[in-house]
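Structure data follow from work.cif (mmCIF, C-alpha atoms and all ligand atoms):
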data_final
#
loop_
_atom_site.group_PDB
_atom_site.id
_atom_site.type_symbol
_atom_site.label_atom_id
_atom_site.label_comp_id
_atom_site.auth_asym_id
_atom_site.auth_seq_id
_atom_site.Cartn_x
_atom_site.Cartn_y
_atom_site.Cartn_z
ATOM 1 C CA MET A 489 97.941 72.121 97.476
ATOM 2 C CA ASP A 490 101.566 72.866 96.642
ATOM 3 C CA LEU A 491 101.939 76.613 96.149
ATOM 4 C CA GLY A 492 105.093 76.177 94.075
ATOM 5 C CA ILE A 493 107.273 78.499 96.158
ATOM 6 C CA ARG A 494 109.577 75.996 97.895
ATOM 7 C CA GLY A 495 113.113 77.425 98.083
ATOM 8 C CA ARG A 496 111.941 81.018 97.581
ATOM 9 C CA LYS A 497 113.136 83.760 99.967
ATOM 10 C CA ALA A 498 110.842 86.091 101.898
ATOM 11 C CA ILE A 499 111.121 89.110 104.150
ATOM 12 C CA VAL A 500 108.198 89.169 106.575
ATOM 13 C CA CYS A 501 108.107 92.422 108.530
ATOM 14 C CA ALA A 502 106.807 92.765 112.078
ATOM 15 C CA ALA A 503 106.545 89.020 112.465
ATOM 16 C CA SER A 504 107.343 88.052 116.051
ATOM 17 C CA LYS A 505 103.641 88.028 116.958
ATOM 18 C CA GLY A 506 100.155 88.198 115.555
ATOM 19 C CA LEU A 507 99.377 88.394 111.850
ATOM 20 C CA GLY A 508 102.976 88.814 110.660
ATOM 21 C CA ARG A 509 104.001 85.733 112.606
ATOM 22 C CA ALA A 510 101.120 83.765 111.091
ATOM 23 C CA CYS A 511 102.171 84.813 107.569
ATOM 24 C CA ALA A 512 105.746 83.741 108.309
ATOM 25 C CA PHE A 513 104.556 80.357 109.554
ATOM 26 C CA SER A 514 102.362 79.714 106.509
ATOM 27 C CA LEU A 515 105.159 80.656 104.091
ATOM 28 C CA ALA A 516 107.621 78.468 106.002
ATOM 29 C CA ARG A 517 105.241 75.497 105.715
ATOM 30 C CA GLU A 518 105.476 76.009 101.948
ATOM 31 C CA GLY A 519 109.259 75.726 102.161
ATOM 32 C CA VAL A 520 110.095 79.439 101.942
ATOM 33 C CA ASP A 521 113.265 80.646 103.709
ATOM 34 C CA LEU A 522 112.595 83.659 105.876
ATOM 35 C CA VAL A 523 113.954 86.882 107.246
ATOM 36 C CA ILE A 524 111.584 87.994 109.985
ATOM 37 C CA THR A 525 111.736 91.312 111.801
ATOM 38 C CA ALA A 526 110.449 92.968 114.987
ATOM 39 C CA ARG A 527 111.763 95.522 117.482
ATOM 40 C CA GLY A 528 111.868 93.184 120.476
ATOM 41 C CA ALA A 529 114.596 90.530 120.175
ATOM 42 C CA GLU A 530 113.264 88.024 122.689
ATOM 43 C CA ALA A 531 109.873 87.282 121.111
ATOM 44 C CA LEU A 532 111.432 87.460 117.637
ATOM 45 C CA GLU A 533 114.120 84.856 118.435
ATOM 46 C CA ALA A 534 111.477 82.636 120.046
ATOM 47 C CA THR A 535 109.283 82.813 116.933
ATOM 48 C CA ALA A 536 112.267 82.139 114.670
ATOM 49 C CA ALA A 537 113.169 79.053 116.716
ATOM 50 C CA GLU A 538 109.572 77.790 116.635
ATOM 51 C CA ILE A 539 109.319 78.186 112.855
ATOM 52 C CA ARG A 540 112.677 76.443 112.306
ATOM 53 C CA ALA A 541 111.676 73.552 114.558
ATOM 54 C CA ALA A 542 108.246 73.171 112.940
ATOM 55 C CA THR A 543 109.242 73.485 109.285
ATOM 56 C CA GLY A 544 113.005 73.102 108.859
ATOM 57 C CA VAL A 545 113.356 76.222 106.700
ATOM 58 C CA LYS A 546 116.117 78.789 107.191
ATOM 59 C CA VAL A 547 114.882 81.625 109.415
ATOM 60 C CA THR A 548 116.972 84.738 110.101
ATOM 61 C CA ALA A 549 115.737 87.057 112.842
ATOM 62 C CA VAL A 550 116.553 90.734 112.317
ATOM 63 C CA THR A 551 115.810 93.080 115.193
ATOM 64 C CA GLY A 552 114.849 96.634 114.265
ATOM 65 C CA ASP A 553 112.112 99.163 113.755
ATOM 66 C CA ILE A 554 110.801 98.720 110.218
ATOM 67 C CA ALA A 555 109.473 102.284 110.300
ATOM 68 C CA THR A 556 113.079 103.548 110.240
ATOM 69 C CA GLU A 557 115.744 103.581 107.495
ATOM 70 C CA ALA A 558 118.065 101.584 109.739
ATOM 71 C CA GLY A 559 115.446 98.915 110.434
ATOM 72 C CA ARG A 560 114.715 98.480 106.748
ATOM 73 C CA ALA A 561 118.420 98.466 105.814
ATOM 74 C CA ALA A 562 119.059 95.660 108.323
ATOM 75 C CA ALA A 563 116.236 93.526 106.899
ATOM 76 C CA LEU A 564 117.445 94.113 103.338
ATOM 77 C CA ALA A 565 121.059 93.360 104.263
ATOM 78 C CA ALA A 566 119.921 89.945 105.533
ATOM 79 C CA CYS A 567 117.931 89.303 102.333
ATOM 80 C CA PRO A 568 118.920 91.672 99.518
ATOM 81 C CA GLU A 569 116.977 89.782 96.825
ATOM 82 C CA PRO A 570 113.691 88.581 98.289
ATOM 83 C CA ASP A 571 111.144 86.809 96.085
ATOM 84 C CA ILE A 572 108.398 87.633 98.563
ATOM 85 C CA LEU A 573 107.878 90.719 100.730
ATOM 86 C CA VAL A 574 105.204 90.894 103.412
ATOM 87 C CA ASN A 575 104.859 94.458 104.661
ATOM 88 C CA ASN A 576 103.583 94.918 108.178
ATOM 89 C CA ALA A 577 104.067 97.151 111.240
ATOM 90 C CA GLY A 578 102.176 97.917 114.400
ATOM 91 C CA GLY A 579 99.048 99.992 113.933
ATOM 92 C CA PRO A 580 98.650 103.572 115.185
ATOM 93 C CA PRO A 581 96.977 104.094 118.575
ATOM 94 C CA PRO A 582 93.256 104.854 118.862
ATOM 95 C CA GLY A 583 92.001 108.206 120.101
ATOM 96 C CA ASP A 584 90.413 111.513 119.163
ATOM 97 C CA PHE A 585 91.939 113.359 116.201
ATOM 98 C CA ARG A 586 91.819 116.601 118.205
ATOM 99 C CA ASP A 587 94.541 115.191 120.440
ATOM 100 C CA TRP A 588 96.936 114.234 117.625
ATOM 101 C CA GLY A 589 99.706 116.580 116.572
ATOM 102 C CA ARG A 590 102.056 116.494 113.586
ATOM 103 C CA ASP A 591 104.497 114.090 115.295
ATOM 104 C CA ASP A 592 101.715 111.551 115.922
ATOM 105 C CA TRP A 593 100.671 111.680 112.285
ATOM 106 C CA ILE A 594 104.245 111.402 111.019
ATOM 107 C CA LYS A 595 104.722 108.253 113.123
ATOM 108 C CA ALA A 596 101.580 106.696 111.642
ATOM 109 C CA VAL A 597 102.512 107.632 108.077
ATOM 110 C CA ASP A 598 106.094 106.385 108.591
ATOM 111 C CA ALA A 599 104.970 102.981 109.879
ATOM 112 C CA ASN A 600 101.844 102.278 107.858
ATOM 113 C CA MET A 601 102.473 104.062 104.580
ATOM 114 C CA LEU A 602 106.117 105.006 103.958
ATOM 115 C CA ALA A 603 107.806 101.888 105.396
ATOM 116 C CA PRO A 604 106.032 99.572 102.922
ATOM 117 C CA ILE A 605 106.564 102.032 100.072
ATOM 118 C CA PHE A 606 110.329 102.266 100.694
ATOM 119 C CA LEU A 607 110.663 98.488 101.043
ATOM 120 C CA ILE A 608 108.774 97.992 97.795
ATOM 121 C CA LYS A 609 111.062 100.560 96.165
ATOM 122 C CA ALA A 610 114.121 98.646 97.398
ATOM 123 C CA VAL A 611 113.049 95.217 96.099
ATOM 124 C CA VAL A 612 110.689 95.671 93.170
ATOM 125 C CA ASP A 613 113.255 96.225 90.407
ATOM 126 C CA GLY A 614 115.133 93.067 91.421
ATOM 127 C CA MET A 615 111.852 91.131 91.327
ATOM 128 C CA ILE A 616 111.124 92.542 87.863
ATOM 129 C CA GLY A 617 114.589 91.468 86.688
ATOM 130 C CA ARG A 618 114.125 87.932 88.052
ATOM 131 C CA LYS A 619 110.553 87.738 86.665
ATOM 132 C CA PHE A 620 109.033 86.752 89.969
ATOM 133 C CA GLY A 621 107.814 88.780 92.911
ATOM 134 C CA ARG A 622 104.992 88.612 95.409
ATOM 135 C CA ILE A 623 104.342 91.610 97.645
ATOM 136 C CA VAL A 624 101.602 91.516 100.266
ATOM 137 C CA ASN A 625 100.793 94.518 102.438
ATOM 138 C CA ILE A 626 98.950 93.922 105.686
ATOM 139 C CA THR A 627 96.595 96.887 105.977
ATOM 140 C CA SER A 628 93.190 96.866 107.688
ATOM 141 C CA ALA A 629 89.464 96.463 107.155
ATOM 142 C CA SER A 630 89.427 100.158 108.112
ATOM 143 C CA VAL A 631 90.584 100.931 104.549
ATOM 144 C CA LYS A 632 87.124 99.874 103.329
ATOM 145 C CA SER A 633 85.095 100.855 106.338
ATOM 146 C CA PRO A 634 86.736 103.495 108.539
ATOM 147 C CA ILE A 635 86.887 102.865 112.289
ATOM 148 C CA PRO A 636 86.081 106.177 114.052
ATOM 149 C CA GLN A 637 88.642 105.894 116.887
ATOM 150 C CA LEU A 638 91.407 104.749 114.497
ATOM 151 C CA GLY A 639 91.619 107.911 112.414
ATOM 152 C CA MET A 640 95.398 107.715 111.901
ATOM 153 C CA SER A 641 95.104 104.111 110.725
ATOM 154 C CA ASN A 642 92.259 105.022 108.343
ATOM 155 C CA GLY A 643 94.296 107.884 106.899
ATOM 156 C CA ALA A 644 97.807 106.424 106.630
ATOM 157 C CA ARG A 645 96.648 103.098 105.194
ATOM 158 C CA ALA A 646 94.464 104.823 102.617
ATOM 159 C CA GLY A 647 97.631 106.526 101.339
ATOM 160 C CA LEU A 648 99.407 103.185 100.928
ATOM 161 C CA THR A 649 96.354 101.675 99.243
ATOM 162 C CA GLY A 650 96.209 104.443 96.662
ATOM 163 C CA PHE A 651 99.914 104.192 95.856
ATOM 164 C CA VAL A 652 99.840 100.413 95.544
ATOM 165 C CA ALA A 653 96.781 100.481 93.274
ATOM 166 C CA GLY A 654 98.825 102.363 90.697
ATOM 167 C CA LEU A 655 102.128 100.526 91.062
ATOM 168 C CA ALA A 656 100.577 97.032 91.031
ATOM 169 C CA ARG A 657 99.420 97.621 87.464
ATOM 170 C CA GLN A 658 102.840 98.838 86.352
ATOM 171 C CA VAL A 659 104.760 95.765 87.519
ATOM 172 C CA ALA A 660 102.253 92.952 86.880
ATOM 173 C CA LYS A 661 103.576 92.224 83.380
ATOM 174 C CA HIS A 662 106.843 91.052 84.974
ATOM 175 C CA ASN A 663 105.084 88.450 87.167
ATOM 176 C CA VAL A 664 105.415 90.763 90.142
ATOM 177 C CA THR A 665 102.181 91.130 92.060
ATOM 178 C CA ILE A 666 101.250 93.579 94.799
ATOM 179 C CA ASN A 667 98.119 92.964 96.852
ATOM 180 C CA ASN A 668 96.773 94.080 100.202
ATOM 181 C CA LEU A 669 95.281 91.886 102.916
ATOM 182 C CA LEU A 670 92.685 93.700 105.028
ATOM 183 C CA PRO A 671 92.214 92.091 108.448
ATOM 184 C CA GLY A 672 88.988 92.448 110.369
ATOM 185 C CA PRO A 673 89.110 91.278 113.989
ATOM 186 C CA PHE A 674 91.811 88.618 114.514
ATOM 187 C CA LEU A 675 92.741 87.414 117.969
ATOM 188 C CA THR A 676 96.151 89.044 118.459
ATOM 189 C CA ASP A 677 97.709 91.400 121.014
ATOM 190 C CA ARG A 678 96.527 94.300 118.833
ATOM 191 C CA LEU A 679 92.899 93.172 119.121
ATOM 192 C CA ARG A 680 93.295 92.650 122.874
ATOM 193 C CA SER A 681 94.676 96.177 123.348
ATOM 194 C CA GLY A 682 91.840 97.631 121.222
ATOM 195 C CA ALA A 683 89.363 95.751 123.402
ATOM 196 C CA ALA A 684 91.102 97.091 126.511
ATOM 197 C CA PHE A 685 90.662 100.660 125.182
ATOM 198 C CA ALA A 686 86.936 100.053 124.551
ATOM 199 C CA ALA A 687 86.552 98.333 127.940
ATOM 200 C CA GLN A 688 88.128 101.267 129.728
ATOM 201 C CA LYS A 689 85.828 103.737 127.949
ATOM 202 C CA SER A 690 82.671 101.752 128.705
ATOM 203 C CA GLY A 691 83.660 100.486 132.153
ATOM 204 C CA ARG A 692 83.208 96.820 131.184
ATOM 205 C CA PRO A 693 85.573 93.845 131.500
ATOM 206 C CA VAL A 694 87.936 93.265 128.536
ATOM 207 C CA ASP A 695 86.774 89.656 128.117
ATOM 208 C CA GLU A 696 83.178 90.829 127.737
ATOM 209 C CA VAL A 697 84.183 93.291 124.992
ATOM 210 C CA LEU A 698 86.189 90.588 123.188
ATOM 211 C CA ALA A 699 83.316 88.082 123.392
ATOM 212 C CA GLU A 700 80.998 90.732 121.962
ATOM 213 C CA ARG A 701 83.385 91.361 119.030
ATOM 214 C CA GLY A 702 83.067 87.671 118.189
ATOM 215 C CA LYS A 703 79.285 87.489 118.622
ATOM 216 C CA GLU A 704 78.609 90.478 116.378
ATOM 217 C CA ASN A 705 80.591 88.904 113.492
ATOM 218 C CA PRO A 706 78.640 86.787 110.935
ATOM 219 C CA THR A 707 80.906 83.829 111.787
ATOM 220 C CA GLY A 708 80.116 84.233 115.499
ATOM 221 C CA ARG A 709 83.806 84.518 116.365
ATOM 222 C CA VAL A 710 86.948 86.557 115.830
ATOM 223 C CA GLY A 711 89.503 85.345 113.308
ATOM 224 C CA ASP A 712 92.342 82.930 113.962
ATOM 225 C CA PRO A 713 95.680 84.454 112.807
ATOM 226 C CA ALA A 714 96.533 81.105 111.158
ATOM 227 C CA GLU A 715 93.635 81.692 108.736
ATOM 228 C CA PHE A 716 95.167 85.030 107.823
ATOM 229 C CA GLY A 717 98.589 83.460 107.269
ATOM 230 C CA GLU A 718 97.163 80.927 104.830
ATOM 231 C CA ALA A 719 95.547 83.683 102.745
ATOM 232 C CA CYS A 720 98.911 85.463 102.617
ATOM 233 C CA ALA A 721 100.686 82.310 101.413
ATOM 234 C CA PHE A 722 98.022 81.827 98.728
ATOM 235 C CA LEU A 723 98.652 85.333 97.366
ATOM 236 C CA CYS A 724 102.353 84.411 97.196
ATOM 237 C CA ALA A 725 101.766 81.205 95.217
ATOM 238 C CA ALA A 726 103.506 80.647 91.907
ATOM 239 C CA THR A 727 100.061 80.432 90.289
ATOM 240 C CA SER A 728 98.788 83.713 91.792
ATOM 241 C CA GLY A 729 100.372 85.934 89.133
ATOM 242 C CA TYR A 730 96.959 87.036 87.836
ATOM 243 C CA ILE A 731 95.792 88.332 91.236
ATOM 244 C CA VAL A 732 96.838 91.960 90.943
ATOM 245 C CA GLY A 733 96.107 95.046 93.014
ATOM 246 C CA HIS A 734 93.473 93.414 95.199
ATOM 247 C CA ASN A 735 92.286 94.473 98.608
ATOM 248 C CA LEU A 736 91.288 91.134 100.081
ATOM 249 C CA LEU A 737 89.035 91.649 103.063
ATOM 250 C CA LEU A 738 89.356 88.929 105.708
ATOM 251 C CA ASP A 739 86.680 89.890 108.195
ATOM 252 C CA GLY A 740 84.291 86.948 108.501
ATOM 253 C CA GLY A 741 81.724 88.844 106.422
ATOM 254 C CA ALA A 742 81.517 91.813 108.816
ATOM 255 C CA PHE A 743 81.544 94.331 105.949
ATOM 256 C CA ASN A 744 77.907 94.264 104.877
ATOM 257 C CA SER A 745 77.775 94.533 101.130
ATOM 258 C CA SER A 746 76.421 92.566 98.159
ATOM 259 C CA ILE A 747 79.905 92.834 96.674
ATOM 260 C CA ALA A 748 82.684 92.735 99.286
HETATM 261 P P1 LIG A 801 100.322 92.518 117.147
HETATM 262 O O1 LIG A 801 99.723 91.242 117.583
HETATM 263 O O2 LIG A 801 100.402 93.648 118.110
HETATM 264 O O3 LIG A 801 101.781 92.194 116.556
HETATM 265 C C1 LIG A 801 102.546 93.215 116.007
HETATM 266 C C2 LIG A 801 103.880 92.653 115.571
HETATM 267 O O4 LIG A 801 104.562 93.656 114.852
HETATM 268 C C3 LIG A 801 104.799 92.272 116.716
HETATM 269 O O5 LIG A 801 105.604 91.208 116.293
HETATM 270 C C4 LIG A 801 105.619 93.539 116.917
HETATM 271 O O6 LIG A 801 106.845 93.252 117.576
HETATM 272 C C5 LIG A 801 105.819 93.951 115.470
HETATM 273 N N1 LIG A 801 106.033 95.374 115.240
HETATM 274 C C6 LIG A 801 105.207 96.384 115.598
HETATM 275 N N2 LIG A 801 105.708 97.553 115.183
HETATM 276 C C7 LIG A 801 106.883 97.282 114.549
HETATM 277 C C8 LIG A 801 107.860 98.079 113.927
HETATM 278 N N3 LIG A 801 107.719 99.407 113.852
HETATM 279 N N4 LIG A 801 108.933 97.477 113.371
HETATM 280 C C9 LIG A 801 109.067 96.136 113.428
HETATM 281 N N5 LIG A 801 108.175 95.331 114.017
HETATM 282 C C10 LIG A 801 107.101 95.894 114.586
HETATM 283 O O7 LIG A 801 99.522 93.131 115.895
HETATM 284 P P2 LIG A 801 98.627 92.376 114.797
HETATM 285 O O8 LIG A 801 97.259 92.207 115.326
HETATM 286 O O9 LIG A 801 99.361 91.218 114.265
HETATM 287 O O10 LIG A 801 98.502 93.531 113.714
HETATM 288 C C11 LIG A 801 99.364 93.627 112.590
HETATM 289 C C12 LIG A 801 98.862 94.801 111.750
HETATM 290 O O11 LIG A 801 97.508 94.548 111.338
HETATM 291 C C13 LIG A 801 98.825 96.119 112.548
HETATM 292 O O12 LIG A 801 99.161 97.185 111.707
HETATM 293 C C14 LIG A 801 97.364 96.220 112.953
HETATM 294 O O13 LIG A 801 96.968 97.542 113.182
HETATM 295 C C15 LIG A 801 96.681 95.618 111.742
HETATM 296 N N6 LIG A 801 95.339 95.125 112.056
HETATM 297 C C16 LIG A 801 95.141 94.134 112.938
HETATM 298 C C17 LIG A 801 93.847 93.700 113.216
HETATM 299 C C18 LIG A 801 93.568 92.594 114.206
HETATM 300 O O14 LIG A 801 92.410 92.329 114.477
HETATM 301 N N7 LIG A 801 94.531 91.934 114.758
HETATM 302 C C19 LIG A 801 92.760 94.298 112.559
HETATM 303 C C20 LIG A 801 92.997 95.322 111.654
HETATM 304 C C21 LIG A 801 94.307 95.727 111.396
HETATM 305 P P3 LIG A 801 107.643 94.403 118.384
HETATM 306 O O15 LIG A 801 106.610 95.126 119.204
HETATM 307 O O16 LIG A 801 108.643 93.657 119.185
HETATM 308 O O17 LIG A 801 108.246 95.276 117.345
#
Before anything else, please render the file you have as structure tokens.
Ligand code: NAP
Amino acid sequence: MDLGIRGRKAIVCAASKGLGRACAFSLAREGVDLVITARGAEALEATAAEIRAATGVKVTAVTGDIATEAGRAAALAACPEPDILVNNAGGPPPGDFRDWGRDDWIKAVDANMLAPIFLIKAVVDGMIGRKFGRIVNITSASVKSPIPQLGMSNGARAGLTGFVAGLARQVAKHNVTINNLLPGPFLTDRLRSGAAFAAQKSGRPVDEVLAERGKENPTGRVGDPAEFGEACAFLCAATSGYIVGHNLLLDGGAFNSSIA
């Protein structure tokens, strides 16, 4: 299936590893030129080189913290008029809300709510003017079903979700779509560190906790980031202009509901 986005330009945030990287790869396979970001230069350059070698698209690696003004300005300077924006950043740490102060919360809100909002603000009017835009926010299954130890993630992402629900309906008439992708358990460094936290609390080996995460899922496994990337590319397709304001849950059916 040709998604009709060959030659388009995308900014994919937080894309040296994990889900962001998978989204970048899937878009590149569709012929989209990329600006990818992360804080660590080494892994970012390695990912950029891999994507170039595998797909032949133009990939620009921009090092910086997307939760800061400077990080966002650097990404936008490398691609001032993106057709596609994939918002992503590392998730807040797990813990007990009694231990979190104002600074902890501000960090979570900066990374998982305000960074995507300010990037959307920077690019959405250009997309409206050009009559094409696809914005995908990587959030979390915790938006639908809160995860007790990830209170800052539950809270900050809910704020983004509420904002996007309103804006998506204001820009859709210009062929600009905004949707959220909600990952359940995908095998990335983030999942491994979450499993390490649970393993430490329960005194069990990390591998055992990870295997259990897979077994308890209806699919009998955790997700492959490549599957997530393909869903992202689909939302960015030329023919996806009628998919507006969705929260697409990619969790292998873990959320138990007649209507997911
Ligand atoms: P990951 O494997 O840890 O990868 C995170 C990527 O983001 C890395 O490339 C990292 O590179 C980059 N990054 C982190 N913070 C950044 C920042 N402030 N600015 C720029 N780049 C940044 O994580 P993941 O599993 O792909 O998760 C992506 C998002 O999905 C996270 O918000 C996570 O909480 C959420 N999520 C994941 C799962 C899952 O099962 N994997 C489930 C639910 C939600 P640097 O460290 O070098 O910056």
Exercise. For Ala686 of chain A, which of A:Glu718, A:Leu638, A:Ile608, A:Glu538 is the closest residue, counting only C-alpha atoms?
Worked result: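 Nearest to Ala686 of chain A: A:Leu638.
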Exercise. Counting all atoms listed in the file, what residues are within 7 Å of ligand LIG 801 (chain A), given as number ranges by chain?
Worked result: A: 501-509, 525-529, 531-532, 552-555, 576-580, 599-600, 626-630, 670-679
Problem set entry | Atom pair atom CA of Asp592 of chain A / atom CA of Ile635 of chain A: separation (Å) | 17.6 Å
What does the PyMOL selection byres (((chain A and resi 558-563) around 8) and not hetatm) select in this file, as a PDB file with C-alpha atoms, keeping the file's coordinate frame?
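Dumped everything to selection.pdb:
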ATOM      1  CA  ILE A 499     111.121  89.110 104.150  1.00  0.00           C
ATOM      2  CA  VAL A 523     113.954  86.882 107.246  1.00  0.00           C
ATOM      3  CA  ILE A 524     111.584  87.994 109.985  1.00  0.00           C
ATOM      4  CA  THR A 525     111.736  91.312 111.801  1.00  0.00           C
ATOM      5  CA  VAL A 550     116.553  90.734 112.317  1.00  0.00           C
ATOM      6  CA  THR A 551     115.810  93.080 115.193  1.00  0.00           C
ATOM      7  CA  GLY A 552     114.849  96.634 114.265  1.00  0.00           C
ATOM      8  CA  ASP A 553     112.112  99.163 113.755  1.00  0.00           C
ATOM      9  CA  ILE A 554     110.801  98.720 110.218  1.00  0.00           C
ATOM     10  CA  ALA A 555     109.473 102.284 110.300  1.00  0.00           C
ATOM     11  CA  THR A 556     113.079 103.548 110.240  1.00  0.00           C
ATOM     12  CA  GLU A 557     115.744 103.581 107.495  1.00  0.00           C
ATOM     13  CA  LEU A 564     117.445  94.113 103.338  1.00  0.00           C
ATOM     14  CA  ALA A 565     121.059  93.360 104.263  1.00  0.00           C
ATOM     15  CA  ALA A 566     119.921  89.945 105.533  1.00  0.00           C
ATOM     16  CA  CYS A 567     117.931  89.303 102.333  1.00  0.00           C
ATOM     17  CA  ALA A 603     107.806 101.888 105.396  1.00  0.00           C
ATOM     18  CA  LEU A 607     110.663  98.488 101.043  1.00  0.00           C
TER      19      LEU A 607
END
For this session: Using the chain letters and numbering of this document, enumerate as an MDAnalysis selection string the residues selected by the PyMOL selection byres (((chain A and resi 733-735) around 10) and not hetatm).
Result: chainID A and resid 624:629 631:632 649 652:657 660 665:670 723 730:732 736:738 748
Using the selection just defined, write its residues with C-alpha atoms as a short mmCIF file (atom, residue, chain, number, x, y, z; two decimals), in the coordinates of the input.
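Contents of result-v1.cif, as written:
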data_model
loop_
_atom_site.label_atom_id
_atom_site.label_comp_id
_atom_site.auth_asym_id
_atom_site.auth_seq_id
_atom_site.Cartn_x
_atom_site.Cartn_y
_atom_site.Cartn_z
CA VAL A 624 101.60 91.52 100.27
CA ASN A 625 100.79 94.52 102.44
CA ILE A 626 98.95 93.92 105.69
CA THR A 627 96.60 96.89 105.98
CA SER A 628 93.19 96.87 107.69
CA ALA A 629 89.46 96.46 107.16
CA VAL A 631 90.58 100.93 104.55
CA LYS A 632 87.12 99.87 103.33
CA THR A 649 96.35 101.68 99.24
CA VAL A 652 99.84 100.41 95.54
CA ALA A 653 96.78 100.48 93.27
CA GLY A 654 98.82 102.36 90.70
CA LEU A 655 102.13 100.53 91.06
CA ALA A 656 100.58 97.03 91.03
CA ARG A 657 99.42 97.62 87.46
CA ALA A 660 102.25 92.95 86.88
CA THR A 665 102.18 91.13 92.06
CA ILE A 666 101.25 93.58 94.80
CA ASN A 667 98.12 92.96 96.85
CA ASN A 668 96.77 94.08 100.20
CA LEU A 669 95.28 91.89 102.92
CA LEU A 670 92.68 93.70 105.03
CA LEU A 723 98.65 85.33 97.37
CA TYR A 730 96.96 87.04 87.84
CA ILE A 731 95.79 88.33 91.24
CA VAL A 732 96.84 91.96 90.94
CA LEU A 736 91.29 91.13 100.08
CA LEU A 737 89.04 91.65 103.06
CA LEU A 738 89.36 88.93 105.71
CA ALA A 748 82.68 92.74 99.29
#
Name the residues that the PyMOL selection byres (((chain A and resi 664) around 9) and not hetatm) picks from the file above, as a tab-separated table (two decimals) with C-alpha atoms, keeping the file's coordinate frame, using the file's chain letters and numbers.
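Now in selection.tsv:
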chain	number	residue	atom	x	y	z
A	612	VAL	CA	110.69	95.67	93.17
A	615	MET	CA	111.85	91.13	91.33
A	616	ILE	CA	111.12	92.54	87.86
A	619	LYS	CA	110.55	87.74	86.66
A	620	PHE	CA	109.03	86.75	89.97
A	621	GLY	CA	107.81	88.78	92.91
A	622	ARG	CA	104.99	88.61	95.41
A	623	ILE	CA	104.34	91.61	97.64
A	656	ALA	CA	100.58	97.03	91.03
A	659	VAL	CA	104.76	95.76	87.52
A	660	ALA	CA	102.25	92.95	86.88
A	661	LYS	CA	103.58	92.22	83.38
A	662	HIS	CA	106.84	91.05	84.97
A	663	ASN	CA	105.08	88.45	87.17
A	665	THR	CA	102.18	91.13	92.06
A	666	ILE	CA	101.25	93.58	94.80
A	729	GLY	CA	100.37	85.93	89.13
A	732	VAL	CA	96.84	91.96	90.94
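Between atom CA of Ala726 of chain A and atom CA of Pro570 of chain A the separation is 14.4 Å.
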For this session: Kindly indicate which residue among A:Ala644, A:Ser633, A:Ile572, A:Phe743 lies nearest to Val597 of chain A, using only C-alpha atoms for the distances.
Result: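 Result for the nearest residue to Val597 of chain A: A:Ala644.
Pairwise distance (atom CA of Ala721 of chain A, atom CA of Glu518 of chain A) equals 7.9 Å.
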Problem set entry | Distance query Ala537 of chain A at most 10 Å, only C-alpha atoms, self and fewer than 3 positions along chain excluded, as a PyMOL selection string | chain A and resi 531-534+540-542+544+546-549
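Among the candidates A:Asp591, A:Glu704, A:Asp521, A:Asp571, the one nearest to Met640 of chain A when counting only C-alpha atoms is A:Asp591.
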